[in-house]
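Written out below as structure tokens is the structure these notes cover.
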Amino acid sequence: MNKIATYNLKAAKRIIQKAVEQKQYTLLEPDAKELIGAFGITTTRRMVASSASEAIQAATSIGYPVVLKIVSTDISHKTDIGGVKVGIKDDEGVRTAYEEIIRSVKDRKPDAMIIGMLVEEMATPSTEVIVGGLRDPQFGPAVMFGAGGIFVEIYKDVSFRIAPVEEYEASDMINEVKGSKILKGFRNTEALDIPALVQTIIQVSNIMVSIEEIKEIDLNPILIYTKGIKAVDARIILSSL
């Protein structure tokens, strides 16, 4: 049996139940991050603000630099409509970014219902990887791992396993990806925290096995450090059946 990290299934189920009741089949990013956090996956520190002044208070609490992202049930690709600002360093930058995002969203998608603004820490850059989950009609829940950046986009450098995934299987998934050489230390770079990445793959497997309503999970990117990982973005799609 794999080593299942302590997680709060009840909290995750409440998030799913609320979304289903509202017929919302793509979770809002704050909800998606709360759900994976309930399974022990580290994410960015974050708060949702409903005004520029609240966003400044949130940024001050989180600590600069921060990222601002629009939160809307009608917007899935936030960057396409100017719904994301990164590297914001001070209060005035937050106010300006908040106003620019709202203006851009209203110009490009005027009918979108805006719930608020996600204010989150600007994670320290590092090597990017992708961990995902999907529910195949024939094989059931499965887990995917891939090296980030051009490796997955150009070379499709990914591996798959049927869930539940054991620890040795998660390790094999990482080793099968050509880009994994970077994780192990390459040209005098320090080796990254592969055991933490193994546990993240297992945690995504646990989510897919435990919550049948989830159709897809996409944690992209996950930043992997010499100690620990951090999921910077999270997308979860529910089955509409």
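In the structure tokens, chains take letters A, B, ... by order of appearance, with residues numbered from 1 within each chain and ligands from 1 in the order shown.
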Contacts of region 73-115 of chain A with region 35-59 of chain A up to 8 Å, shortest pair per row, only C-alpha atoms, as a Markdown table:
| residue | atom | partner | partner_atom | distance |
| --- | --- | --- | --- | --- |
| A:Asp91 | CA | A:Ile56 | CA | 5.6 |
| A:Val94 | CA | A:Ile56 | CA | 6.1 |
| A:Arg95 | CA | A:Ala52 | CA | 5.4 |
| A:Tyr98 | CA | A:Ala52 | CA | 5.9 |
| A:Glu99 | CA | A:Ala52 | CA | 7.4 |
| A:Ile115 | CA | A:Ser50 | CA | 7.3 |
* Asked: Using only C-alpha atoms, which residue out of A:Val209, A:Ile130, A:Val67, A:Ile237 lies closest to Ile224 (chain A)?
  ->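 Comparing A:Val209, A:Ile130, A:Val67, A:Ile237 against Ile224 (chain A), the winner is A:Ile130.
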Using DSSP on the backbone coordinates, identify the residues of region 109-192 of chain A assigned to strand (DSSP E or B); present them as a PyMOL selection string. chain A and resi 114-121+127-136+140-147+158-162
List the spatial neighbours of Met122 (chain A) as an mmCIF file with N, CA and C atoms, in the first residue's frame - criterion: any atom at most 7 Å away, only C-alpha atoms, same-chain residues fewer than 5 positions off excluded.
data_model
loop_
_atom_site.group_PDB
_atom_site.id
_atom_site.type_symbol
_atom_site.label_atom_id
_atom_site.label_comp_id
_atom_site.auth_asym_id
_atom_site.auth_seq_id
_atom_site.Cartn_x
_atom_site.Cartn_y
_atom_site.Cartn_z
ATOM 1 N N PRO A 65 6.601 40.229 -3.227
ATOM 2 C CA PRO A 65 5.719 40.526 -4.355
ATOM 3 C C PRO A 65 4.532 39.568 -4.414
ATOM 4 N N VAL A 66 3.463 40.015 -5.111
ATOM 5 C CA VAL A 66 2.253 39.214 -5.218
ATOM 6 C C VAL A 66 1.788 39.119 -6.668
ATOM 7 N N VAL A 67 0.826 38.246 -6.871
ATOM 8 C CA VAL A 67 0.160 38.063 -8.155
ATOM 9 C C VAL A 67 -1.314 38.354 -7.969
ATOM 10 N N GLY A 87 4.253 39.804 -10.276
ATOM 11 C CA GLY A 87 5.405 40.586 -9.834
ATOM 12 C C GLY A 87 5.068 41.950 -9.282
#
Nearest to Lys178 (chain A) by atom-to-atom distance, counting only C-alpha atoms, from A:Asp157, A:Glu166, A:Glu34, A:Glu190: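 Distance minimum relative to Lys178 (chain A) lands on A:Asp157.
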With only C-alpha atoms as the counted atoms, please give the residues lying no more than 10 Å from Lys23 (chain A), apart from itself and same-chain residues fewer than 6 positions off, as a list in words.
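Residues meeting the cut-off are Gln17, Leu238 and Ser240 of chain A.
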Distance criterion (only C-alpha atoms): nearest to Thr73 (chain A) out of A:Pro141, A:Pro164, A:Pro30, A:Gly133:
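Looking only at the distances to Thr73 (chain A), the closest residue turns out to be A:Pro30.
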Just asking: which residues within region 15-83 of chain A are helix (DSSP H, G or I) according to DSSP, as a PDB file with C-alpha atoms, in the first residue's frame?
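Written output follows (result27.pdb):
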ATOM      1  CA  ILE A  15     -16.136  22.062  -1.895  1.00  0.00           C
ATOM      2  CA  ILE A  16     -17.365  19.591  -4.503  1.00  0.00           C
ATOM      3  CA  GLN A  17     -20.922  19.546  -3.125  1.00  0.00           C
ATOM      4  CA  LYS A  18     -21.160  23.341  -3.197  1.00  0.00           C
ATOM      5  CA  ALA A  19     -19.927  23.478  -6.796  1.00  0.00           C
ATOM      6  CA  VAL A  20     -22.327  20.745  -7.946  1.00  0.00           C
ATOM      7  CA  GLU A  21     -25.276  22.451  -6.259  1.00  0.00           C
ATOM      8  CA  GLU A  29      -8.999  28.566  -8.626  1.00  0.00           C
ATOM      9  CA  PRO A  30      -9.304  29.418  -4.897  1.00  0.00           C
ATOM     10  CA  ASP A  31     -11.596  26.396  -4.426  1.00  0.00           C
ATOM     11  CA  ALA A  32      -9.324  24.120  -6.471  1.00  0.00           C
ATOM     12  CA  LYS A  33      -6.333  25.136  -4.352  1.00  0.00           C
ATOM     13  CA  GLU A  34      -8.303  24.666  -1.153  1.00  0.00           C
ATOM     14  CA  LEU A  35      -9.251  21.166  -2.288  1.00  0.00           C
ATOM     15  CA  ILE A  36      -5.719  20.044  -3.129  1.00  0.00           C
ATOM     16  CA  GLY A  37      -4.545  21.677   0.072  1.00  0.00           C
ATOM     17  CA  ALA A  38      -6.983  19.455   1.961  1.00  0.00           C
ATOM     18  CA  ALA A  52      -8.660  47.380  -4.508  1.00  0.00           C
ATOM     19  CA  SER A  53      -8.350  48.330  -0.843  1.00  0.00           C
ATOM     20  CA  GLU A  54      -9.041  44.740   0.236  1.00  0.00           C
ATOM     21  CA  ALA A  55      -6.464  43.548  -2.294  1.00  0.00           C
ATOM     22  CA  ILE A  56      -3.870  45.884  -0.760  1.00  0.00           C
ATOM     23  CA  GLN A  57      -4.672  44.569   2.714  1.00  0.00           C
ATOM     24  CA  ALA A  58      -4.349  40.991   1.437  1.00  0.00           C
ATOM     25  CA  ALA A  59      -1.036  41.720  -0.281  1.00  0.00           C
ATOM     26  CA  THR A  60       0.323  43.343   2.878  1.00  0.00           C
ATOM     27  CA  SER A  61      -0.710  40.287   4.895  1.00  0.00           C
ATOM     28  CA  ILE A  62       0.752  37.809   2.385  1.00  0.00           C
ATOM     29  CA  LYS A  78      -7.514  34.317 -17.366  1.00  0.00           C
ATOM     30  CA  THR A  79      -4.369  35.410 -19.194  1.00  0.00           C
ATOM     31  CA  ASP A  80      -6.182  35.568 -22.537  1.00  0.00           C
ATOM     32  CA  ILE A  81      -8.289  38.515 -21.382  1.00  0.00           C
TER      33      ILE A  81
END
Selection: 12 Å around Ser126 (chain A), only C-alpha atoms, excl. self and same-chain fewer than 4 positions, as JSON, numbers by chain:
{"A": [122, 148, 149, 182, 183, 189, 190, 191, 192, 193, 221, 222, 223, 224, 225, 226, 227, 228, 229, 230, 231, 232]}
Selection: 8 Å around Val143 (chain A), only C-alpha atoms, excl. self and same-chain fewer than 6 positions, as a compact mmCIF listing (two decimals) with C-alpha atoms, in the first residue's frame:
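Listed below is the output, result.txt:
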# COMPACT_ATOMS: atom_id res chain seq x y z
CA VAL A 131 1.00 16.62 -12.28
CA GLY A 132 -2.50 15.81 -13.46
CA GLY A 133 -5.35 13.39 -13.08
CA LEU A 134 -8.12 12.21 -15.38
CA PHE A 160 0.77 7.89 -17.03
CA ARG A 161 -0.40 5.33 -14.48
CA ILE A 162 -3.79 3.96 -13.49
CA ALA A 163 -4.76 5.07 -9.95
CA VAL A 165 -0.55 4.78 -7.55
CA ILE A 201 1.74 12.34 -7.44
CA VAL A 204 -3.29 13.47 -6.80
CA SER A 205 -3.93 9.74 -7.14
Min atom-atom distance to Ile70 (chain A) from the set A:Leu28, A:Met117, A:Val105, A:Val129, counting only C-alpha atoms, belongs to A:Met117
